[in-house]
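Asker: Just target17.cif, nothing more (mmCIF, C-alpha atoms (C1' of nucleotides)):
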data_input
#
loop_
_atom_site.label_atom_id
_atom_site.label_comp_id
_atom_site.auth_asym_id
_atom_site.auth_seq_id
_atom_site.Cartn_x
_atom_site.Cartn_y
_atom_site.Cartn_z
CA MET A 1439 86.23 108.50 96.87
CA GLN A 1440 87.64 111.49 98.70
CA MET A 1441 90.77 111.40 100.76
CA SER A 1442 93.41 113.44 102.48
CA ILE A 1443 91.20 116.35 103.52
CA ASP A 1444 92.97 118.51 106.08
CA LYS A 1445 92.05 117.60 109.65
CA SER A 1446 94.06 120.37 111.30
CA SER A 1447 90.97 122.32 112.32
CA GLU A 1448 89.83 119.35 114.41
CA PHE A 1449 92.61 120.12 116.89
CA THR A 1450 92.83 122.93 119.45
CA GLN A 1451 94.10 126.35 118.42
CA ALA A 1452 97.06 125.92 120.77
CA GLU A 1453 97.97 122.64 119.11
CA GLN A 1454 97.66 124.19 115.67
CA ASP A 1455 99.73 127.23 116.61
CA LEU A 1456 102.51 125.23 118.20
CA ALA A 1457 102.55 122.83 115.24
CA ALA A 1458 102.76 125.77 112.83
CA PHE A 1459 105.81 127.17 114.64
CA ALA A 1460 107.48 123.77 114.75
CA LYS A 1461 106.73 123.18 111.10
CA ALA A 1462 108.27 126.55 110.24
CA ILE A 1463 111.59 125.59 111.82
CA GLY A 1464 111.30 122.03 110.50
CA HIS A 1465 113.66 122.48 107.58
CA PRO A 1466 117.48 122.73 107.73
CA ALA A 1467 117.49 125.79 105.48
CA ARG A 1468 115.16 127.65 107.83
CA ILE A 1469 117.19 126.56 110.86
CA ALA A 1470 120.28 127.91 109.07
CA ILE A 1471 118.51 131.19 108.31
CA LEU A 1472 117.44 131.62 111.93
CA LYS A 1473 120.98 130.85 113.10
CA ILE A 1474 122.39 133.55 110.82
CA LEU A 1475 119.83 136.07 112.01
CA ALA A 1476 120.39 135.11 115.66
CA THR A 1477 124.11 135.85 115.46
CA LYS A 1478 124.01 138.84 113.12
CA ASN A 1479 120.96 140.56 114.63
CA ALA A 1480 119.94 141.93 111.25
CA CYS A 1481 120.84 140.61 107.84
CA ILE A 1482 120.35 141.53 104.21
CA CYS A 1483 118.60 138.87 102.15
CA GLY A 1484 121.48 138.70 99.68
CA GLU A 1485 123.92 137.65 102.39
CA ILE A 1486 121.69 134.73 103.29
CA VAL A 1487 121.40 133.71 99.64
CA ASN A 1488 125.22 133.79 99.32
CA VAL A 1489 125.71 131.52 102.31
CA LEU A 1490 123.02 128.94 101.65
CA PRO A 1491 123.31 126.24 98.96
CA LEU A 1492 119.97 127.24 97.46
CA ALA A 1493 118.70 129.43 94.65
CA GLN A 1494 117.53 132.96 95.38
CA ALA A 1495 113.91 132.09 94.71
CA THR A 1496 114.06 129.19 97.15
CA VAL A 1497 115.62 131.28 99.92
CA SER A 1498 112.94 133.92 99.39
CA GLN A 1499 110.34 131.18 99.77
CA HIS A 1500 111.87 129.99 103.06
CA LEU A 1501 112.06 133.56 104.36
CA LYS A 1502 108.38 133.97 103.53
CA ALA A 1503 107.52 130.83 105.49
CA LEU A 1504 109.34 132.12 108.57
CA LYS A 1505 107.74 135.53 108.15
CA GLU A 1506 104.24 134.07 107.89
CA VAL A 1507 104.42 132.49 111.35
CA GLY A 1508 105.96 135.69 112.69
CA LEU A 1509 109.34 134.24 113.64
CA ILE A 1510 111.14 136.85 111.54
CA GLN A 1511 110.28 140.27 110.22
CA GLY A 1512 111.59 142.12 107.19
CA ALA A 1513 111.98 145.71 106.11
CA ILE A 1514 112.72 147.13 102.70
CA ASP A 1515 116.06 148.94 102.62
CA GLY A 1516 116.41 150.50 99.22
CA PRO A 1517 116.43 147.72 96.66
CA LYS A 1518 117.48 145.32 99.41
CA SER A 1519 115.53 143.53 102.13
CA CYS A 1520 116.63 143.43 105.73
CA TYR A 1521 115.49 140.60 107.99
CA CYS A 1522 115.72 139.90 111.69
CA ILE A 1523 114.26 137.56 114.27
CA ASN A 1524 111.13 138.64 116.09
CA TRP A 1525 112.19 137.58 119.56
CA VAL A 1526 108.77 138.21 121.02
CA THR A 1527 107.24 135.55 118.77
CA PHE A 1528 110.27 133.38 119.20
CA ASN A 1529 110.12 133.39 122.99
CA ASN A 1530 106.39 132.93 122.85
CA PHE A 1531 107.02 129.73 120.92
CA LYS A 1532 109.54 128.60 123.54
CA THR A 1533 107.05 129.31 126.33
CA GLN A 1534 104.20 127.51 124.57
CA PHE A 1535 106.45 124.55 123.95
CA ASN A 1536 107.63 124.32 127.54
CA THR A 1537 104.09 124.77 128.86
CA VAL A 1538 102.63 122.00 126.76
CA PHE A 1539 105.41 119.57 127.56
CA SER A 1540 105.87 120.22 131.24
CA GLY A 1541 104.37 116.86 132.03
CA ILE A 1542 105.82 114.11 134.14
CA GLU A 1543 109.28 114.33 132.65
CA ASN A 1544 110.94 114.00 136.06
CA SER A 1545 109.36 110.67 136.75
CA ASN A 1546 111.59 107.64 136.44
CA ASN A 1547 110.14 106.59 133.16
CA THR A 1548 110.95 102.96 132.57
CA CYS A 1549 107.88 102.13 130.52
CA CYS A 1550 107.77 100.86 126.95
CA GLN A 1551 111.32 99.46 126.97
CA MET B 669 114.81 119.38 83.24
CA GLN B 670 115.33 118.14 86.82
CA MET B 671 114.06 119.92 89.84
CA SER B 672 113.33 119.66 93.52
CA ILE B 673 116.24 117.40 94.48
CA ASP B 674 116.68 117.30 98.24
CA LYS B 675 119.29 119.76 99.47
CA SER B 676 119.12 118.72 103.12
CA SER B 677 122.54 117.07 103.01
CA GLU B 678 124.09 120.42 102.15
CA PHE B 679 123.41 121.59 105.69
CA THR B 680 125.20 120.65 108.91
CA GLN B 681 124.23 117.52 110.79
CA ALA B 682 123.10 119.66 113.73
CA GLU B 683 120.84 121.67 111.46
CA GLN B 684 119.40 118.51 109.93
CA ASP B 685 118.84 116.87 113.33
CA LEU B 686 117.14 119.89 114.84
CA ALA B 687 114.98 120.31 111.74
CA ALA B 688 113.99 116.63 111.89
CA PHE B 689 112.82 117.01 115.50
CA ALA B 690 110.92 120.18 114.71
CA LYS B 691 109.34 118.58 111.68
CA ALA B 692 108.24 115.64 113.81
CA ILE B 693 106.30 117.88 116.17
CA GLY B 694 105.13 120.07 113.28
CA HIS B 695 101.65 118.61 113.03
CA PRO B 696 98.72 119.17 115.42
CA ALA B 697 98.01 115.43 115.63
CA ARG B 698 101.55 114.71 116.76
CA ILE B 699 101.44 117.58 119.24
CA ALA B 700 98.20 116.09 120.59
CA ILE B 701 99.77 112.64 120.84
CA LEU B 702 102.77 114.00 122.74
CA LYS B 703 100.46 115.91 125.08
CA ILE B 704 98.53 112.73 125.86
CA LEU B 705 101.73 110.80 126.50
CA ALA B 706 103.17 113.62 128.60
CA THR B 707 100.20 113.58 130.97
CA LYS B 708 99.51 109.85 130.99
CA ASN B 709 103.12 108.65 131.17
CA ALA B 710 102.28 105.56 129.16
CA CYS B 711 99.38 105.01 126.84
CA ILE B 712 97.88 102.24 124.77
CA CYS B 713 97.62 103.03 121.06
CA GLY B 714 93.88 102.40 121.05
CA GLU B 715 93.25 105.15 123.60
CA ILE B 716 95.01 107.62 121.36
CA VAL B 717 92.98 106.49 118.35
CA ASN B 718 89.76 106.95 120.35
CA VAL B 719 90.65 110.51 121.32
CA LEU B 720 91.98 111.81 118.01
CA PRO B 721 89.71 112.69 115.05
CA LEU B 722 91.71 110.46 112.75
CA ALA B 723 91.54 106.92 111.41
CA GLN B 724 93.53 104.17 113.09
CA ALA B 725 95.91 103.87 110.15
CA THR B 726 96.64 107.59 110.23
CA VAL B 727 97.34 107.61 113.96
CA SER B 728 99.70 104.66 113.50
CA GLN B 729 101.48 106.64 110.83
CA HIS B 730 101.92 109.66 113.13
CA LEU B 731 103.15 107.40 115.94
CA LYS B 732 105.70 105.96 113.55
CA ALA B 733 106.93 109.45 112.63
CA LEU B 734 107.46 110.32 116.29
CA LYS B 735 109.15 106.99 116.92
CA GLU B 736 111.52 107.43 113.99
CA VAL B 737 113.05 110.58 115.44
CA GLY B 738 113.17 108.92 118.84
CA LEU B 739 110.74 111.24 120.60
CA ILE B 740 108.59 108.30 121.67
CA GLN B 741 109.12 104.61 122.18
CA GLY B 742 106.72 101.71 122.00
CA ALA B 743 106.44 98.24 123.40
CA ILE B 744 104.16 95.40 122.43
CA ASP B 745 101.77 94.48 125.22
CA GLY B 746 99.83 91.44 124.11
CA PRO B 747 97.85 92.39 121.03
CA LYS B 748 98.13 96.04 122.10
CA SER B 749 100.92 98.61 121.76
CA CYS B 750 102.06 100.79 124.63
CA TYR B 751 103.75 104.11 123.89
CA CYS B 752 105.55 106.69 125.99
CA ILE B 753 107.74 109.73 125.55
CA ASN B 754 111.49 109.22 125.49
CA TRP B 755 112.42 112.13 127.73
CA VAL B 756 116.13 111.75 127.02
CA THR B 757 115.58 112.49 123.34
CA PHE B 758 112.97 115.08 124.19
CA ASN B 759 115.27 117.04 126.50
CA ASN B 760 118.10 116.65 124.04
CA PHE B 761 115.91 118.41 121.50
CA LYS B 762 115.16 121.19 123.99
CA THR B 763 118.88 121.63 124.71
CA GLN B 764 119.82 121.67 121.03
CA PHE B 765 117.13 124.20 120.35
CA ASN B 766 118.17 126.50 123.16
CA THR B 767 121.83 126.20 122.24
CA VAL B 768 121.31 127.12 118.61
CA PHE B 769 119.06 130.05 119.40
CA SER B 770 120.89 131.55 122.36
CA GLY B 771 121.94 134.47 120.23
CA ILE B 772 121.46 138.12 120.93
CA GLU B 773 117.89 137.77 122.04
CA ASN B 774 118.39 140.14 124.97
CA SER B 775 119.46 143.01 122.77
CA ASN B 776 116.93 145.73 122.23
CA ASN B 777 116.05 144.61 118.78
CA THR B 778 114.39 147.44 116.94
CA CYS B 779 115.58 146.49 113.47
CA CYS B 780 113.41 145.66 110.47
CA GLN B 781 110.33 147.45 111.75
"C1'" DA C 1102 90.01 75.44 116.79
"C1'" DT C 1103 87.76 79.52 115.63
"C1'" DA C 1104 86.55 84.18 116.26
"C1'" DT C 1105 87.72 88.56 117.86
"C1'" DT C 1106 90.66 92.33 119.10
"C1'" DT C 1107 94.42 95.23 118.23
"C1'" DT C 1108 97.71 97.55 115.53
"C1'" DA C 1109 101.13 97.69 111.82
"C1'" DT C 1110 101.69 97.90 107.00
"C1'" DC C 1111 100.30 98.28 102.02
"C1'" DG C 1112 98.30 100.69 98.35
"C1'" DT C 1113 96.81 104.83 96.79
"C1'" DA C 1114 94.61 109.49 96.27
"C1'" DA C 1115 95.04 114.20 97.26
"C1'" DA C 1116 97.43 118.03 99.06
"C1'" DA C 1117 101.44 120.50 100.55
"C1'" DA C 1118 106.31 121.39 100.45
"C1'" DT C 1119 110.57 121.96 98.01
"C1'" DA C 1120 113.29 123.70 94.39
"C1'" DC C 1121 114.48 126.56 90.51
"C1'" DG C 1122 114.29 129.35 86.13
"C1'" DA C 1123 112.00 133.24 84.40
"C1'" DT C 1124 109.82 137.36 85.12
"C1'" DT C 1125 108.51 141.51 87.50
"C1'" DA C 1126 109.09 145.58 90.27
"C1'" DA C 1127 111.51 149.07 92.45
"C1'" DA C 1128 115.46 151.46 93.86
"C1'" DA C 1129 120.25 152.72 92.87
"C1'" DA C 1130 124.02 153.54 89.84
"C1'" DA C 1131 125.76 154.77 85.48
"C1'" DT D 1186 117.44 158.12 80.92
"C1'" DT D 1187 119.17 153.72 80.70
"C1'" DT D 1188 121.32 150.06 83.02
"C1'" DT D 1189 122.15 147.41 86.88
"C1'" DT D 1190 121.16 145.43 91.32
"C1'" DT D 1191 118.15 143.24 94.53
"C1'" DA D 1192 114.51 140.46 95.88
"C1'" DA D 1193 109.62 139.07 95.45
"C1'" DT D 1194 106.47 136.43 92.81
"C1'" DC D 1195 104.86 133.24 89.07
"C1'" DG D 1196 104.83 128.93 86.86
"C1'" DT D 1197 105.89 124.37 87.21
"C1'" DA D 1198 108.25 119.82 88.10
"C1'" DT D 1199 109.22 116.71 91.71
"C1'" DT D 1200 108.94 114.91 96.16
"C1'" DT D 1201 106.97 114.42 100.56
"C1'" DT D 1202 103.18 114.44 103.62
"C1'" DT D 1203 98.62 113.45 104.98
"C1'" DA D 1204 94.76 110.54 105.07
"C1'" DC D 1205 92.13 106.31 104.84
"C1'" DG D 1206 90.35 101.66 103.40
"C1'" DA D 1207 91.90 97.11 103.11
"C1'" DT D 1208 94.75 93.64 104.56
"C1'" DA D 1209 98.02 91.14 107.45
"C1'" DA D 1210 99.87 89.54 111.68
"C1'" DA D 1211 99.75 88.25 116.33
"C1'" DA D 1212 97.77 87.69 120.70
"C1'" DT D 1213 93.53 87.00 123.34
"C1'" DA D 1214 88.95 85.32 124.03
"C1'" DT D 1215 85.34 82.15 123.02
#
Let me see whether you can do it: turn the structure in this file into structure tokens.
Answerer:
Amino acid sequence: MQMSIDKSSEFTQAEQDLAAFAKAIGHPARIAILKILATKNACICGEIVNVLPLAQATVSQHLKALKEVGLIQGAIDGPKSCYCINWVTFNNFKTQFNTVFSGIENSNNTCCQ
Amino acid sequence: MQMSIDKSSEFTQAEQDLAAFAKAIGHPARIAILKILATKNACICGEIVNVLPLAQATVSQHLKALKEVGLIQGAIDGPKSCYCINWVTFNNFKTQFNTVFSGIENSNNTCCQ
DNA sequence: ATATTTTATCGTAAAAATACGATTAAAAAA
DNA sequence: TTTTTTAATCGTATTTTTACGATAAAATAT
């Protein structure tokens, strides 16, 4: 008996992309990281580790997740690592989101009450 | 040796709430469901099951996830279930998102390249 | 009254995510 | 040159998510 095979590829690329972005920001630690980067413009990894209630390895893992979907980018600065938000990707996500859900939201929706 | 205890409560309520919303839409099936509901206003569960490449039990599970964060609401309609988007919650999510990430995105960000 | 339709829930298997200590690698400081 | 600092990666334990068959519950249809 086989179970739990990934069905993601059965959906459209747009649906997969949007879901991937949403998933990436779907953890409080990653929200916190993005908030820090949004206010500080650029930030050394160590500063993020100091602020978050997580181990260095875990923060690195979260940074990697954000980097993989392109929401942040990093550059090596000596022995340190500097991160910042990639606003192009970020705004692209916003646009995709608003496009997909620009349905009938202005209708007086009184269904399913 | 204990590991992997949930650290979510160490973050702010706003961070947790926003992450919960993002997590809820962080799967292509749930994006697809929201898209259907956004265009159809209201929709019977069975129609969603027919359109998605997933088993009925799995779709029900995804619907439950969306309902739990308040993004959709459902009403029993005879033996059927009618679902629709809760636009109040939905727009609240949009607002929260835009508030948190209204940082310095207009700056000419050339860091971390 | 019985059968059918519809959907939620239960049980469970498999996969992915979360978390951290330990280690590695690479630059800087001593 | 050796030590220290910084951060990525590895290994691994635990938890959560994803997926589905089977069952239950509740209304409709026969």
Asker: Quick one: apply the PyMOL selection byres ((chain C) within 10 of (chain A)) to the file and drop the selected residues here as a list of chain:residue names.
Answerer: C:DT1113, C:DA1114, C:DA1115, C:DA1116, C:DT1119, C:DA1120, C:DC1121, C:DG1122, C:DA1126, C:DA1127, C:DA1128, C:DA1129
Asker: Considering only C-alpha atoms, tabulate each residue of chain B that lies at most 8 Å from chain A along with its nearest interatomic pair and the corresponding distance in Å to one decimal; arrange the rows by chain and ascending residue number and present them as CSV.
Answerer:
residue,atom,partner,partner_atom,distance
B:Lys675,CA,A:Pro1491,CA,7.6
B:Ser676,CA,A:Pro1466,CA,6.3
B:Glu678,CA,A:Pro1491,CA,6.7
B:Phe679,CA,A:Pro1466,CA,6.4
B:Glu683,CA,A:Pro1466,CA,5.1
B:Gln684,CA,A:Pro1466,CA,5.1
B:Leu686,CA,A:Gly1464,CA,7.6
B:Ala687,CA,A:Gly1464,CA,4.2
B:Ala688,CA,A:Gly1464,CA,6.2
B:Phe689,CA,A:Gly1464,CA,7.2
B:Ala690,CA,A:Gly1464,CA,4.6
B:Lys691,CA,A:Gly1464,CA,4.1
B:Ala692,CA,A:Gly1464,CA,7.8
B:Ile693,CA,A:Ala1460,CA,6.2
B:Gly694,CA,A:Lys1461,CA,4.1
B:His695,CA,A:Ala1457,CA,4.8
B:Pro696,CA,A:Glu1453,CA,5.1
B:Ala697,CA,A:Phe1449,CA,7.3
B:Ile699,CA,A:Glu1453,CA,6.1
B:Ala700,CA,A:Glu1453,CA,6.7
B:Leu702,CA,A:Phe1539,CA,7.8
B:Lys703,CA,A:Phe1539,CA,6.6
B:Ala706,CA,A:Gly1541,CA,4.9
B:Thr707,CA,A:Gly1541,CA,5.4
B:Asn709,CA,A:Ile1542,CA,6.8
B:Ala710,CA,A:Cys1549,CA,6.7
B:Pro721,CA,A:Glu1448,CA,6.7
B:Leu722,CA,A:Lys1445,CA,7.8
B:Gln741,CA,A:Cys1550,CA,6.2
B:Gly742,CA,A:Cys1550,CA,5.1
B:Ala743,CA,A:Cys1550,CA,4.6
B:Ile744,CA,A:Cys1550,CA,8.0
B:Cys750,CA,A:Cys1550,CA,6.2
B:Tyr751,CA,A:Cys1550,CA,6.0
B:Cys752,CA,A:Cys1550,CA,6.3
B:Trp755,CA,A:Glu1543,CA,6.2
B:Val768,CA,A:Lys1473,CA,6.7
B:Phe769,CA,A:Ala1476,CA,6.4
B:Ser770,CA,A:Ala1476,CA,7.6
B:Gly771,CA,A:Ala1476,CA,4.9
B:Ile772,CA,A:Ala1476,CA,6.2
B:Glu773,CA,A:Trp1525,CA,6.2
B:Asn777,CA,A:Asn1479,CA,7.6
B:Cys779,CA,A:Ala1480,CA,6.7
B:Cys780,CA,A:Ala1513,CA,4.6
B:Gln781,CA,A:Ala1513,CA,6.1
Asker: Would you mind listing, as a count of residues only, all residues of chain D that have at least one atom within 12 Å of chain A, where only C-alpha atoms (C1' of nucleotides) are what counts?
Answerer: 12
Asker: Expressed in Å to a single decimal, how great is the separation between C1' of DA1211 (chain D) and C1' of DT1103 (chain C)?
Answerer: 14.8 Å
Asker: Which residue gives the smallest distance to DT1107 (chain C) among B:Ile701, B:Lys735, B:Val717, B:Gln764, with only C-alpha atoms (C1' of nucleotides) counted?
Answerer: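 Closest residue, counting only C-alpha atoms (C1' of nucleotides): B:Val717.
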Asker: Tell me, in Å to one decimal, how far C1' of DA1209 (chain D) is from CA of Leu734 (chain B).
Answerer: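 Separation between C1' of DA1209 (chain D) and CA of Leu734 (chain B): 23.1 Å.
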Asker: Translate the PyMOL selection byres ((chain C and resi 1111) around 9) into a concrete residue list for this structure, as a list in words.
Answerer: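 So the PyMOL selection byres ((chain C and resi 1111) around 9), applied here, picks out DT1110 and DG1112 of chain C; DA1207 and DT1208 of chain D.
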Asker: What does the distance between C1' of DT1124 (chain C) and C1' of DA1198 (chain D) come to in Å, to one decimal place?
Answerer: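 One can read the C1' of DT1124 (chain C) to C1' of DA1198 (chain D) distance as 17.9 Å.
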Asker: Carefully work through the PyMOL selection byres ((chain C and resi 1104) around 10) for this structure and note down the residues it includes, as JSON, numbers by chain.
Answerer: {"C": [1102, 1103, 1105, 1106], "D": [1214, 1215]}
Asker: Take every atom of region 1190-1208 of chain D listed in the file, pad by 8 Å on each side, and give me the axis-aligned box centre and edge lengths in Å, one decimal, as JSON.
Answerer:
{"center_x": 105.8, "center_y": 119.5, "center_z": 96.0, "size_x": 46.8, "size_y": 67.8, "size_z": 34.2}
